[in-house]
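*Asks:* coords.txt is the file, holding compact mmCIF, N, CA and C atoms:
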# COMPACT_ATOMS: atom_id res chain seq x y z
N MET D 1 -53.65 -42.10 -41.57
CA MET D 1 -52.81 -43.11 -40.97
C MET D 1 -53.57 -43.90 -39.90
N THR D 2 -54.44 -43.24 -39.16
CA THR D 2 -55.21 -43.94 -38.14
C THR D 2 -56.12 -44.97 -38.78
N TYR D 3 -56.77 -44.60 -39.86
CA TYR D 3 -57.66 -45.55 -40.54
C TYR D 3 -56.88 -46.78 -40.99
N ILE D 4 -55.72 -46.58 -41.57
CA ILE D 4 -54.90 -47.71 -42.02
C ILE D 4 -54.49 -48.55 -40.82
N ALA D 5 -54.02 -47.90 -39.77
CA ALA D 5 -53.57 -48.63 -38.57
C ALA D 5 -54.67 -49.50 -37.99
N LEU D 6 -55.90 -48.99 -38.00
CA LEU D 6 -57.03 -49.76 -37.45
C LEU D 6 -57.24 -51.07 -38.20
N THR D 7 -56.85 -51.13 -39.45
CA THR D 7 -57.04 -52.36 -40.22
C THR D 7 -55.83 -53.29 -40.18
N LYS D 8 -54.73 -52.83 -39.58
CA LYS D 8 -53.49 -53.61 -39.61
C LYS D 8 -53.11 -54.24 -38.28
N THR D 9 -53.78 -53.86 -37.21
CA THR D 9 -53.42 -54.38 -35.90
C THR D 9 -54.67 -54.52 -35.03
N ASN D 10 -54.58 -55.39 -34.05
CA ASN D 10 -55.66 -55.53 -33.07
C ASN D 10 -55.25 -54.95 -31.73
N ARG D 11 -54.21 -54.14 -31.71
CA ARG D 11 -53.69 -53.56 -30.48
C ARG D 11 -54.31 -52.20 -30.15
N ILE D 12 -55.14 -51.69 -31.02
CA ILE D 12 -55.79 -50.40 -30.78
C ILE D 12 -57.14 -50.66 -30.11
N LYS D 13 -57.40 -49.98 -29.01
CA LYS D 13 -58.64 -50.19 -28.25
C LYS D 13 -59.66 -49.08 -28.42
N ALA D 14 -59.22 -47.90 -28.87
CA ALA D 14 -60.10 -46.77 -29.15
C ALA D 14 -59.30 -45.80 -30.01
N ALA D 15 -59.99 -45.04 -30.86
CA ALA D 15 -59.28 -44.13 -31.75
C ALA D 15 -60.06 -42.84 -31.95
N VAL D 16 -59.32 -41.79 -32.31
CA VAL D 16 -59.89 -40.48 -32.62
C VAL D 16 -59.22 -39.96 -33.88
N VAL D 17 -60.01 -39.39 -34.80
CA VAL D 17 -59.47 -38.72 -35.97
C VAL D 17 -60.11 -37.35 -36.08
N GLY D 18 -59.38 -36.42 -36.64
CA GLY D 18 -59.90 -35.07 -36.83
C GLY D 18 -59.66 -34.59 -38.24
N GLY D 19 -60.70 -34.21 -38.94
CA GLY D 19 -60.59 -33.68 -40.29
C GLY D 19 -59.89 -34.63 -41.24
N ALA D 20 -60.15 -35.92 -41.08
CA ALA D 20 -59.41 -36.93 -41.83
C ALA D 20 -59.98 -37.17 -43.23
N ILE D 21 -59.07 -37.37 -44.16
CA ILE D 21 -59.45 -37.74 -45.53
C ILE D 21 -59.90 -39.19 -45.51
N SER D 22 -61.05 -39.46 -46.11
CA SER D 22 -61.49 -40.85 -46.23
C SER D 22 -61.52 -41.30 -47.68
N ASP D 23 -61.49 -40.34 -48.61
CA ASP D 23 -61.53 -40.65 -50.03
C ASP D 23 -60.56 -39.71 -50.75
N VAL D 24 -59.39 -40.23 -51.08
CA VAL D 24 -58.35 -39.42 -51.71
C VAL D 24 -58.81 -38.90 -53.07
N TYR D 25 -59.58 -39.69 -53.82
CA TYR D 25 -60.10 -39.23 -55.10
C TYR D 25 -60.91 -37.95 -54.95
N GLU D 26 -61.79 -37.93 -53.96
CA GLU D 26 -62.61 -36.74 -53.72
C GLU D 26 -61.76 -35.55 -53.29
N ASN D 27 -60.75 -35.83 -52.50
CA ASN D 27 -59.86 -34.76 -52.05
C ASN D 27 -59.10 -34.16 -53.23
N ILE D 28 -58.71 -34.99 -54.19
CA ILE D 28 -58.02 -34.50 -55.39
C ILE D 28 -58.98 -33.62 -56.20
N LYS D 29 -60.25 -34.02 -56.28
CA LYS D 29 -61.23 -33.20 -57.01
C LYS D 29 -61.37 -31.81 -56.38
N ASP D 30 -61.42 -31.80 -55.03
CA ASP D 30 -61.57 -30.54 -54.31
C ASP D 30 -60.29 -29.71 -54.32
N ARG D 31 -59.15 -30.39 -54.33
CA ARG D 31 -57.86 -29.70 -54.25
C ARG D 31 -56.86 -30.35 -55.22
N PRO D 32 -57.00 -30.07 -56.49
CA PRO D 32 -56.15 -30.72 -57.49
C PRO D 32 -54.65 -30.49 -57.28
N GLU D 33 -54.30 -29.40 -56.65
CA GLU D 33 -52.88 -29.13 -56.39
C GLU D 33 -52.25 -30.17 -55.46
N MET D 34 -53.07 -30.87 -54.70
CA MET D 34 -52.57 -31.92 -53.80
C MET D 34 -51.93 -33.08 -54.58
N GLU D 35 -52.44 -33.31 -55.77
CA GLU D 35 -51.92 -34.44 -56.54
C GLU D 35 -50.45 -34.23 -56.91
N THR D 36 -50.13 -33.10 -57.48
CA THR D 36 -48.75 -32.87 -57.90
C THR D 36 -47.88 -32.37 -56.75
N GLY D 37 -48.47 -31.58 -55.87
CA GLY D 37 -47.69 -30.98 -54.80
C GLY D 37 -47.45 -31.87 -53.60
N VAL D 38 -48.28 -32.89 -53.41
CA VAL D 38 -48.14 -33.74 -52.23
C VAL D 38 -48.09 -35.23 -52.60
N LEU D 39 -49.16 -35.72 -53.21
CA LEU D 39 -49.26 -37.15 -53.48
C LEU D 39 -48.12 -37.66 -54.35
N ALA D 40 -47.88 -37.00 -55.47
CA ALA D 40 -46.83 -37.44 -56.39
C ALA D 40 -45.45 -37.35 -55.74
N GLU D 41 -45.30 -36.42 -54.82
CA GLU D 41 -44.01 -36.24 -54.15
C GLU D 41 -43.77 -37.26 -53.03
N LEU D 42 -44.83 -37.62 -52.31
CA LEU D 42 -44.67 -38.44 -51.11
C LEU D 42 -44.99 -39.92 -51.27
N ILE D 43 -45.77 -40.28 -52.28
CA ILE D 43 -46.17 -41.67 -52.43
C ILE D 43 -45.26 -42.36 -53.44
N PRO D 44 -44.52 -43.37 -53.00
CA PRO D 44 -43.67 -44.10 -53.94
C PRO D 44 -44.50 -44.70 -55.07
N ASN D 45 -43.97 -44.65 -56.27
CA ASN D 45 -44.60 -45.24 -57.46
C ASN D 45 -45.96 -44.62 -57.79
N TYR D 46 -46.22 -43.42 -57.34
CA TYR D 46 -47.52 -42.81 -57.57
C TYR D 46 -47.83 -42.71 -59.06
N ALA D 47 -46.90 -42.22 -59.84
CA ALA D 47 -47.15 -42.03 -61.27
C ALA D 47 -47.46 -43.35 -61.97
N GLU D 48 -46.78 -44.42 -61.57
CA GLU D 48 -46.96 -45.71 -62.21
C GLU D 48 -48.22 -46.45 -61.72
N ASN D 49 -48.58 -46.25 -60.47
CA ASN D 49 -49.68 -47.01 -59.86
C ASN D 49 -50.67 -46.09 -59.14
N LYS D 50 -51.04 -45.00 -59.78
CA LYS D 50 -51.89 -44.00 -59.13
C LYS D 50 -53.15 -44.60 -58.53
N GLU D 51 -53.90 -45.35 -59.32
CA GLU D 51 -55.18 -45.87 -58.85
C GLU D 51 -55.00 -46.77 -57.62
N GLU D 52 -54.04 -47.67 -57.69
CA GLU D 52 -53.78 -48.59 -56.57
C GLU D 52 -53.34 -47.84 -55.32
N GLU D 53 -52.44 -46.88 -55.50
CA GLU D 53 -51.92 -46.13 -54.35
C GLU D 53 -52.99 -45.25 -53.71
N VAL D 54 -53.85 -44.66 -54.51
CA VAL D 54 -54.94 -43.83 -53.98
C VAL D 54 -55.94 -44.71 -53.23
N GLU D 55 -56.27 -45.86 -53.78
CA GLU D 55 -57.21 -46.76 -53.10
C GLU D 55 -56.67 -47.23 -51.76
N LYS D 56 -55.38 -47.51 -51.69
CA LYS D 56 -54.75 -47.94 -50.43
C LYS D 56 -54.95 -46.90 -49.33
N ARG D 57 -55.08 -45.64 -49.72
CA ARG D 57 -55.17 -44.54 -48.77
C ARG D 57 -56.58 -43.97 -48.65
N SER D 58 -57.56 -44.64 -49.22
CA SER D 58 -58.95 -44.19 -49.19
C SER D 58 -59.79 -45.16 -48.37
N ALA D 59 -59.96 -44.84 -47.11
CA ALA D 59 -60.68 -45.73 -46.17
C ALA D 59 -62.08 -46.08 -46.65
N ILE D 60 -62.70 -45.20 -47.39
CA ILE D 60 -64.06 -45.44 -47.87
C ILE D 60 -64.12 -46.68 -48.77
N LYS D 61 -62.99 -47.07 -49.33
CA LYS D 61 -62.92 -48.22 -50.25
C LYS D 61 -62.78 -49.55 -49.51
N TRP D 62 -62.40 -49.51 -48.23
CA TRP D 62 -62.19 -50.76 -47.49
C TRP D 62 -62.77 -50.71 -46.07
N VAL D 63 -63.97 -50.16 -45.97
CA VAL D 63 -64.65 -50.07 -44.67
C VAL D 63 -64.85 -51.45 -44.06
N ASP D 64 -65.06 -52.46 -44.89
CA ASP D 64 -65.28 -53.82 -44.38
C ASP D 64 -64.08 -54.36 -43.62
N LYS D 65 -62.93 -53.71 -43.72
CA LYS D 65 -61.72 -54.16 -43.02
C LYS D 65 -61.60 -53.56 -41.61
N PHE D 66 -62.43 -52.58 -41.31
CA PHE D 66 -62.37 -51.94 -40.00
C PHE D 66 -62.84 -52.90 -38.91
N PRO D 67 -62.20 -52.86 -37.74
CA PRO D 67 -62.64 -53.72 -36.64
C PRO D 67 -63.99 -53.24 -36.10
N LYS D 68 -64.77 -54.19 -35.63
CA LYS D 68 -66.08 -53.86 -35.06
C LYS D 68 -66.03 -53.77 -33.54
N ASP D 69 -64.80 -53.84 -33.00
CA ASP D 69 -64.65 -53.78 -31.55
C ASP D 69 -63.77 -52.61 -31.10
N VAL D 70 -63.60 -51.62 -31.98
CA VAL D 70 -62.80 -50.43 -31.64
C VAL D 70 -63.66 -49.19 -31.89
N PRO D 71 -64.05 -48.49 -30.83
CA PRO D 71 -64.85 -47.29 -31.01
C PRO D 71 -64.01 -46.16 -31.61
N LEU D 72 -64.58 -45.49 -32.60
CA LEU D 72 -63.87 -44.44 -33.32
C LEU D 72 -64.63 -43.13 -33.20
N LEU D 73 -63.93 -42.11 -32.73
CA LEU D 73 -64.50 -40.76 -32.64
C LEU D 73 -63.97 -39.96 -33.83
N MET D 74 -64.90 -39.45 -34.64
CA MET D 74 -64.54 -38.64 -35.80
C MET D 74 -64.96 -37.21 -35.53
N LEU D 75 -64.01 -36.29 -35.63
CA LEU D 75 -64.26 -34.87 -35.40
C LEU D 75 -63.98 -34.13 -36.70
N HIS D 76 -64.86 -33.21 -37.06
CA HIS D 76 -64.64 -32.48 -38.32
C HIS D 76 -65.28 -31.10 -38.22
N GLY D 77 -64.58 -30.10 -38.71
CA GLY D 77 -65.14 -28.76 -38.80
C GLY D 77 -65.96 -28.66 -40.07
N ASN D 78 -67.16 -28.09 -39.98
CA ASN D 78 -67.98 -28.04 -41.18
C ASN D 78 -67.63 -26.87 -42.10
N SER D 79 -66.58 -26.12 -41.75
CA SER D 79 -66.05 -25.08 -42.63
C SER D 79 -64.61 -25.41 -43.05
N ASP D 80 -64.26 -26.67 -43.00
CA ASP D 80 -62.93 -27.14 -43.37
C ASP D 80 -62.81 -27.15 -44.89
N TRP D 81 -61.95 -26.31 -45.46
CA TRP D 81 -61.76 -26.27 -46.90
C TRP D 81 -60.68 -27.25 -47.35
N ARG D 82 -59.83 -27.69 -46.42
CA ARG D 82 -58.74 -28.62 -46.80
C ARG D 82 -59.28 -30.03 -47.02
N VAL D 83 -60.13 -30.46 -46.11
CA VAL D 83 -60.80 -31.77 -46.23
C VAL D 83 -62.28 -31.49 -45.98
N LYS D 84 -63.05 -31.54 -47.03
CA LYS D 84 -64.47 -31.20 -46.91
C LYS D 84 -65.17 -32.12 -45.90
N PRO D 85 -66.13 -31.58 -45.16
CA PRO D 85 -66.84 -32.37 -44.15
C PRO D 85 -67.56 -33.59 -44.73
N GLU D 86 -67.86 -33.54 -46.02
CA GLU D 86 -68.50 -34.69 -46.66
C GLU D 86 -67.66 -35.96 -46.54
N GLN D 87 -66.34 -35.78 -46.41
CA GLN D 87 -65.46 -36.94 -46.28
C GLN D 87 -65.86 -37.76 -45.04
N SER D 88 -66.05 -37.07 -43.92
CA SER D 88 -66.44 -37.77 -42.69
C SER D 88 -67.89 -38.25 -42.74
N LEU D 89 -68.76 -37.45 -43.33
CA LEU D 89 -70.17 -37.84 -43.44
C LEU D 89 -70.33 -39.11 -44.26
N ARG D 90 -69.66 -39.17 -45.40
CA ARG D 90 -69.78 -40.35 -46.27
C ARG D 90 -69.18 -41.59 -45.59
N LEU D 91 -68.07 -41.41 -44.89
CA LEU D 91 -67.48 -42.55 -44.19
C LEU D 91 -68.40 -43.03 -43.08
N ALA D 92 -69.02 -42.09 -42.37
CA ALA D 92 -69.96 -42.46 -41.31
C ALA D 92 -71.12 -43.29 -41.86
N LEU D 93 -71.60 -42.93 -43.04
CA LEU D 93 -72.68 -43.72 -43.66
C LEU D 93 -72.21 -45.15 -43.98
N GLU D 94 -70.98 -45.28 -44.38
CA GLU D 94 -70.43 -46.62 -44.63
C GLU D 94 -70.26 -47.39 -43.31
N PHE D 95 -69.83 -46.69 -42.27
CA PHE D 95 -69.73 -47.34 -40.95
C PHE D 95 -71.09 -47.86 -40.51
N GLU D 96 -72.13 -47.10 -40.82
CA GLU D 96 -73.50 -47.53 -40.50
C GLU D 96 -73.80 -48.88 -41.15
N LYS D 97 -73.50 -48.98 -42.42
CA LYS D 97 -73.78 -50.22 -43.17
C LYS D 97 -73.06 -51.42 -42.57
N HIS D 98 -71.86 -51.19 -42.05
CA HIS D 98 -71.04 -52.29 -41.53
C HIS D 98 -71.10 -52.40 -40.00
N ARG D 99 -71.90 -51.54 -39.38
CA ARG D 99 -72.11 -51.55 -37.93
C ARG D 99 -70.79 -51.37 -37.17
N ILE D 100 -69.97 -50.46 -37.64
CA ILE D 100 -68.72 -50.08 -36.98
C ILE D 100 -69.07 -49.07 -35.88
N PRO D 101 -68.60 -49.27 -34.65
CA PRO D 101 -68.93 -48.31 -33.59
C PRO D 101 -68.19 -46.97 -33.78
N TYR D 102 -68.94 -45.91 -33.93
CA TYR D 102 -68.34 -44.60 -34.15
C TYR D 102 -69.23 -43.51 -33.57
N ARG D 103 -68.66 -42.34 -33.41
CA ARG D 103 -69.40 -41.12 -33.13
C ARG D 103 -68.80 -40.05 -34.03
N LEU D 104 -69.66 -39.31 -34.72
CA LEU D 104 -69.22 -38.21 -35.56
C LEU D 104 -69.71 -36.92 -34.95
N ILE D 105 -68.78 -35.99 -34.73
CA ILE D 105 -69.14 -34.67 -34.24
C ILE D 105 -68.67 -33.65 -35.27
N MET D 106 -69.64 -32.87 -35.76
CA MET D 106 -69.34 -31.77 -36.68
C MET D 106 -69.36 -30.47 -35.87
N PHE D 107 -68.31 -29.68 -36.04
CA PHE D 107 -68.21 -28.43 -35.32
C PHE D 107 -68.55 -27.27 -36.26
N GLU D 108 -69.63 -26.56 -35.93
CA GLU D 108 -70.11 -25.48 -36.77
C GLU D 108 -69.04 -24.39 -36.90
N GLY D 109 -68.75 -24.04 -38.14
CA GLY D 109 -67.76 -23.01 -38.41
C GLY D 109 -66.33 -23.45 -38.18
N GLY D 110 -66.14 -24.73 -37.89
CA GLY D 110 -64.79 -25.22 -37.60
C GLY D 110 -63.94 -25.37 -38.84
N ASP D 111 -62.67 -24.96 -38.74
CA ASP D 111 -61.73 -25.10 -39.85
C ASP D 111 -61.06 -26.48 -39.79
N HIS D 112 -60.01 -26.67 -40.57
CA HIS D 112 -59.36 -27.98 -40.64
C HIS D 112 -58.82 -28.43 -39.27
N GLY D 113 -58.27 -27.50 -38.53
CA GLY D 113 -57.76 -27.83 -37.19
C GLY D 113 -58.80 -27.70 -36.10
N ILE D 114 -60.02 -27.39 -36.47
CA ILE D 114 -61.13 -27.15 -35.55
C ILE D 114 -60.69 -26.17 -34.46
N SER D 115 -59.87 -25.19 -34.87
CA SER D 115 -59.25 -24.29 -33.91
C SER D 115 -60.25 -23.40 -33.17
N GLU D 116 -61.41 -23.17 -33.77
CA GLU D 116 -62.42 -22.35 -33.10
C GLU D 116 -63.07 -23.08 -31.93
N HIS D 117 -62.84 -24.35 -31.82
CA HIS D 117 -63.49 -25.16 -30.78
C HIS D 117 -62.48 -26.01 -30.00
N LYS D 118 -61.26 -25.49 -29.84
CA LYS D 118 -60.17 -26.28 -29.24
C LYS D 118 -60.55 -26.89 -27.89
N GLU D 119 -61.15 -26.08 -27.04
CA GLU D 119 -61.47 -26.57 -25.70
C GLU D 119 -62.45 -27.73 -25.75
N GLU D 120 -63.50 -27.60 -26.57
CA GLU D 120 -64.48 -28.68 -26.69
C GLU D 120 -63.87 -29.92 -27.35
N VAL D 121 -63.03 -29.69 -28.36
CA VAL D 121 -62.34 -30.82 -29.02
C VAL D 121 -61.52 -31.58 -28.00
N ASN D 122 -60.73 -30.86 -27.22
CA ASN D 122 -59.89 -31.51 -26.20
C ASN D 122 -60.73 -32.29 -25.20
N GLU D 123 -61.85 -31.71 -24.77
CA GLU D 123 -62.74 -32.39 -23.83
C GLU D 123 -63.29 -33.68 -24.45
N GLN D 124 -63.71 -33.61 -25.69
CA GLN D 124 -64.27 -34.79 -26.37
C GLN D 124 -63.23 -35.91 -26.49
N VAL D 125 -62.01 -35.53 -26.88
CA VAL D 125 -60.94 -36.53 -27.05
C VAL D 125 -60.61 -37.18 -25.71
N LEU D 126 -60.41 -36.37 -24.68
CA LEU D 126 -60.09 -36.91 -23.36
C LEU D 126 -61.21 -37.79 -22.83
N ASP D 127 -62.45 -37.34 -23.00
CA ASP D 127 -63.60 -38.12 -22.56
C ASP D 127 -63.66 -39.47 -23.29
N TRP D 128 -63.42 -39.46 -24.60
CA TRP D 128 -63.47 -40.70 -25.40
C TRP D 128 -62.47 -41.73 -24.88
N PHE D 129 -61.24 -41.28 -24.70
CA PHE D 129 -60.20 -42.20 -24.24
C PHE D 129 -60.42 -42.62 -22.79
N GLU D 130 -60.93 -41.71 -21.97
CA GLU D 130 -61.22 -42.07 -20.58
C GLU D 130 -62.30 -43.15 -20.52
N ARG D 131 -63.34 -42.97 -21.32
CA ARG D 131 -64.44 -43.94 -21.34
C ARG D 131 -63.96 -45.33 -21.76
N TYR D 132 -63.27 -45.39 -22.90
CA TYR D 132 -62.98 -46.69 -23.49
C TYR D 132 -61.63 -47.29 -23.08
N LEU D 133 -60.70 -46.48 -22.62
CA LEU D 133 -59.41 -47.01 -22.20
C LEU D 133 -59.29 -47.07 -20.68
N LYS D 134 -59.45 -45.94 -20.05
CA LYS D 134 -59.28 -45.87 -18.59
C LYS D 134 -60.40 -46.59 -17.85
N ASN D 135 -61.65 -46.33 -18.24
CA ASN D 135 -62.79 -46.89 -17.51
C ASN D 135 -63.29 -48.21 -18.09
N GLY D 136 -62.80 -48.60 -19.25
CA GLY D 136 -63.21 -49.87 -19.85
C GLY D 136 -64.69 -49.95 -20.16
N GLU D 137 -65.29 -48.82 -20.54
CA GLU D 137 -66.72 -48.82 -20.87
C GLU D 137 -66.98 -49.81 -22.01
N PRO D 138 -68.05 -50.57 -21.92
CA PRO D 138 -68.36 -51.50 -23.01
C PRO D 138 -68.73 -50.76 -24.29
N LEU D 139 -68.54 -51.43 -25.39
CA LEU D 139 -68.91 -50.85 -26.69
C LEU D 139 -70.40 -50.60 -26.74
N PRO D 140 -70.81 -49.62 -27.53
CA PRO D 140 -72.25 -49.41 -27.70
C PRO D 140 -72.88 -50.61 -28.40
N ASN D 141 -74.15 -50.82 -28.15
CA ASN D 141 -74.89 -51.90 -28.80
C ASN D 141 -75.15 -51.46 -30.24
N MET D 142 -74.48 -52.07 -31.19
CA MET D 142 -74.61 -51.68 -32.60
C MET D 142 -75.72 -52.44 -33.31
N ASP D 143 -76.39 -53.35 -32.60
CA ASP D 143 -77.55 -54.00 -33.20
C ASP D 143 -78.69 -52.99 -33.27
N TYR D 144 -79.48 -53.05 -34.32
CA TYR D 144 -80.65 -52.19 -34.40
C TYR D 144 -81.60 -52.58 -33.27
N HIS D 145 -82.04 -51.61 -32.50
CA HIS D 145 -82.89 -51.92 -31.36
C HIS D 145 -83.74 -50.70 -31.00
N GLY D 146 -84.57 -50.87 -30.01
CA GLY D 146 -85.45 -49.79 -29.54
C GLY D 146 -86.90 -50.15 -29.82
N ARG D 147 -87.75 -49.27 -29.43
CA ARG D 147 -89.18 -49.50 -29.59
C ARG D 147 -89.68 -49.10 -30.93
With the file now loaded, output its structure as structure tokens.
*Replies:*
Amino acid sequence: MTYIALTKTNRIKAAVVGGAISDVYENIKDRPEMETGVLAELIPNYAENKEEEVEKRSAIKWVDKFPKDVPLLMLHGNSDWRVKPEQSLRLALEFEKHRIPYRLIMFEGGDHGISEHKEEVNEQVLDWFERYLKNGEPLPNMDYHGR
């Protein structure tokens, strides 16, 4: 939902996601029970328009729609079986191509809720919002640079 919201409004100034699906097709491959047990139940017209409805919910398919002025913190446990960490890694690579400001943090041994690292997760989230909302820190320089 955060990914979709970022493409629908300019009122978001910073965002954080945790263990987020970026490619519903890949998630179905990893967890086929999600298709009948969740997607078909919750998505209107899923049976009739499966491809269209899945694409609408797969951020990896529309990275070019993401704003380039909203810093995004992506958190993912690398032992998450519900949403494989590759989902965040692949999306991060697409963000690179489009120069979307992001930070990806993988938590070793972290599950879907990153429950083994709750304190650090909370610190990272609070720090992210403090930097970009409370303190008005400028966006990182996304132009390729350095020596």
*Asks:* Which residues come within 7 Å of segment 47-62 of chain D, counting all atoms listed in the file, excluding same-chain residues fewer than 4 positions away, as a PDB file with N, CA and C atoms, in the coordinates of the input?
*Replies:*
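Printed below is result-v8.pdb as written:
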ATOM      1  N   TYR D   3     -56.770 -44.600 -39.860  1.00  0.00           N
ATOM      2  CA  TYR D   3     -57.660 -45.550 -40.540  1.00  0.00           C
ATOM      3  C   TYR D   3     -56.880 -46.780 -40.990  1.00  0.00           C
ATOM      4  N   ILE D   4     -55.720 -46.580 -41.570  1.00  0.00           N
ATOM      5  CA  ILE D   4     -54.900 -47.710 -42.020  1.00  0.00           C
ATOM      6  C   ILE D   4     -54.490 -48.550 -40.820  1.00  0.00           C
ATOM      7  N   ILE D  21     -59.070 -37.370 -44.160  1.00  0.00           N
ATOM      8  CA  ILE D  21     -59.450 -37.740 -45.530  1.00  0.00           C
ATOM      9  C   ILE D  21     -59.900 -39.190 -45.510  1.00  0.00           C
ATOM     10  N   SER D  22     -61.050 -39.460 -46.110  1.00  0.00           N
ATOM     11  CA  SER D  22     -61.490 -40.850 -46.230  1.00  0.00           C
ATOM     12  C   SER D  22     -61.520 -41.300 -47.680  1.00  0.00           C
ATOM     13  N   ASP D  23     -61.490 -40.340 -48.610  1.00  0.00           N
ATOM     14  CA  ASP D  23     -61.530 -40.650 -50.030  1.00  0.00           C
ATOM     15  C   ASP D  23     -60.560 -39.710 -50.750  1.00  0.00           C
ATOM     16  N   VAL D  24     -59.390 -40.230 -51.080  1.00  0.00           N
ATOM     17  CA  VAL D  24     -58.350 -39.420 -51.710  1.00  0.00           C
ATOM     18  C   VAL D  24     -58.810 -38.900 -53.070  1.00  0.00           C
ATOM     19  N   TYR D  25     -59.580 -39.690 -53.820  1.00  0.00           N
ATOM     20  CA  TYR D  25     -60.100 -39.230 -55.100  1.00  0.00           C
ATOM     21  C   TYR D  25     -60.910 -37.950 -54.950  1.00  0.00           C
ATOM     22  N   ALA D  40     -47.880 -37.000 -55.470  1.00  0.00           N
ATOM     23  CA  ALA D  40     -46.830 -37.440 -56.390  1.00  0.00           C
ATOM     24  C   ALA D  40     -45.450 -37.350 -55.740  1.00  0.00           C
ATOM     25  N   ILE D  43     -45.770 -40.280 -52.280  1.00  0.00           N
ATOM     26  CA  ILE D  43     -46.170 -41.670 -52.430  1.00  0.00           C
ATOM     27  C   ILE D  43     -45.260 -42.360 -53.440  1.00  0.00           C
ATOM     28  N   PHE D  66     -62.430 -52.580 -41.310  1.00  0.00           N
ATOM     29  CA  PHE D  66     -62.370 -51.940 -40.000  1.00  0.00           C
ATOM     30  C   PHE D  66     -62.840 -52.900 -38.910  1.00  0.00           C
ATOM     31  N   ARG D  90     -69.660 -39.170 -45.400  1.00  0.00           N
ATOM     32  CA  ARG D  90     -69.780 -40.350 -46.270  1.00  0.00           C
ATOM     33  C   ARG D  90     -69.180 -41.590 -45.590  1.00  0.00           C
ATOM     34  N   LEU D  91     -68.070 -41.410 -44.890  1.00  0.00           N
ATOM     35  CA  LEU D  91     -67.480 -42.550 -44.190  1.00  0.00           C
ATOM     36  C   LEU D  91     -68.400 -43.030 -43.080  1.00  0.00           C
TER      37      LEU D  91
END
*Asks:* Residues of chain D in alpha helix (DSSP H) according to DSSP, as a ChimeraX atom specification?
*Replies:* /D:2-8,24-30,33-34,40-42,50-56,86-98,118-129
*Asks:* Check the smallest atom-to-atom distance from each of D:Gly110, D:Asp30, D:Ala14, D:Arg147 to Phe129 of chain D using all atoms listed in the file, then report the winner.
*Replies:*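 Closest to Phe129 of chain D of all the choices is D:Ala14.
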*Asks:* Hey, which of D:Ile114, D:Glu96, D:Asn135, D:Trp128 ends up closest to Leu75 of chain D? Count all atoms listed in the file.
*Replies:* D:Ile114
*Asks:* Between atom C of Gly146 of chain D and atom N of Arg131 of chain D, what is the distance in Å, rounded to a tenth?
*Replies:*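 That distance, rounded to one decimal, is 26.1 Å.
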*Asks:* One decimal, in Å: what's the spacing between atom N of Val38 of chain D and atom CA of Ala92 of chain D?
*Replies:*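 The value is 26.6 Å.
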*Asks:* Counting only N, CA and C atoms, which of D:Asn141, D:Asn27, D:Gln124, D:Thr2 gets nearest to Gln87 of chain D?
*Replies:*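 Among D:Asn141, D:Asn27, D:Gln124, D:Thr2, it is D:Asn27 that comes nearest to Gln87 of chain D.
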*Asks:* With only N, CA and C atoms as the basis for distance, which of D:Glu33, D:Asp80, D:Val125, D:His112 is at the shortest distance from Val16 of chain D?
*Replies:*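 Checking each of D:Glu33, D:Asp80, D:Val125, D:His112 against Val16 of chain D, counting only N, CA and C atoms, the winner is D:Val125.
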*Asks:* DSSP on the backbone: what in segment 6-144 of chain D comes out strand (DSSP E or B), as a compact mmCIF listing (two decimals) with N, CA and C atoms, keeping the file's coordinate frame?
*Replies:*
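Listing of result12.txt after writing:
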# COMPACT_ATOMS: atom_id res chain seq x y z
N ALA D 15 -59.99 -45.04 -30.86
CA ALA D 15 -59.28 -44.13 -31.75
C ALA D 15 -60.06 -42.84 -31.95
N VAL D 16 -59.32 -41.79 -32.31
CA VAL D 16 -59.89 -40.48 -32.62
C VAL D 16 -59.22 -39.96 -33.88
N VAL D 17 -60.01 -39.39 -34.80
CA VAL D 17 -59.47 -38.72 -35.97
C VAL D 17 -60.11 -37.35 -36.08
N GLY D 18 -59.38 -36.42 -36.64
CA GLY D 18 -59.90 -35.07 -36.83
C GLY D 18 -59.66 -34.59 -38.24
N LEU D 72 -64.58 -45.49 -32.60
CA LEU D 72 -63.87 -44.44 -33.32
C LEU D 72 -64.63 -43.13 -33.20
N LEU D 73 -63.93 -42.11 -32.73
CA LEU D 73 -64.50 -40.76 -32.64
C LEU D 73 -63.97 -39.96 -33.83
N MET D 74 -64.90 -39.45 -34.64
CA MET D 74 -64.54 -38.64 -35.80
C MET D 74 -64.96 -37.21 -35.53
N LEU D 75 -64.01 -36.29 -35.63
CA LEU D 75 -64.26 -34.87 -35.40
C LEU D 75 -63.98 -34.13 -36.70
N HIS D 76 -64.86 -33.21 -37.06
CA HIS D 76 -64.64 -32.48 -38.32
C HIS D 76 -65.28 -31.10 -38.22
N GLY D 77 -64.58 -30.10 -38.71
CA GLY D 77 -65.14 -28.76 -38.80
C GLY D 77 -65.96 -28.66 -40.07
N TYR D 102 -68.94 -45.91 -33.93
CA TYR D 102 -68.34 -44.60 -34.15
C TYR D 102 -69.23 -43.51 -33.57
N ARG D 103 -68.66 -42.34 -33.41
CA ARG D 103 -69.40 -41.12 -33.13
C ARG D 103 -68.80 -40.05 -34.03
N LEU D 104 -69.66 -39.31 -34.72
CA LEU D 104 -69.22 -38.21 -35.56
C LEU D 104 -69.71 -36.92 -34.95
N ILE D 105 -68.78 -35.99 -34.73
CA ILE D 105 -69.14 -34.67 -34.24
C ILE D 105 -68.67 -33.65 -35.27
N MET D 106 -69.64 -32.87 -35.76
CA MET D 106 -69.34 -31.77 -36.68
C MET D 106 -69.36 -30.47 -35.87
N PHE D 107 -68.31 -29.68 -36.04
CA PHE D 107 -68.21 -28.43 -35.32
C PHE D 107 -68.55 -27.27 -36.26
*Asks:* Can you tell me, as AutoDock Vina command-line options, the centre and edge lengths (Å, one decimal) of the axis-aligned box enclosing all of segment 21-37 of chain D's listed atoms after padding each side by 4 Å?
*Replies:*
--center_x -55.0 --center_y -35.2 --center_z -51.0 --size_x 23.2 --size_y 20.2 --size_z 21.7
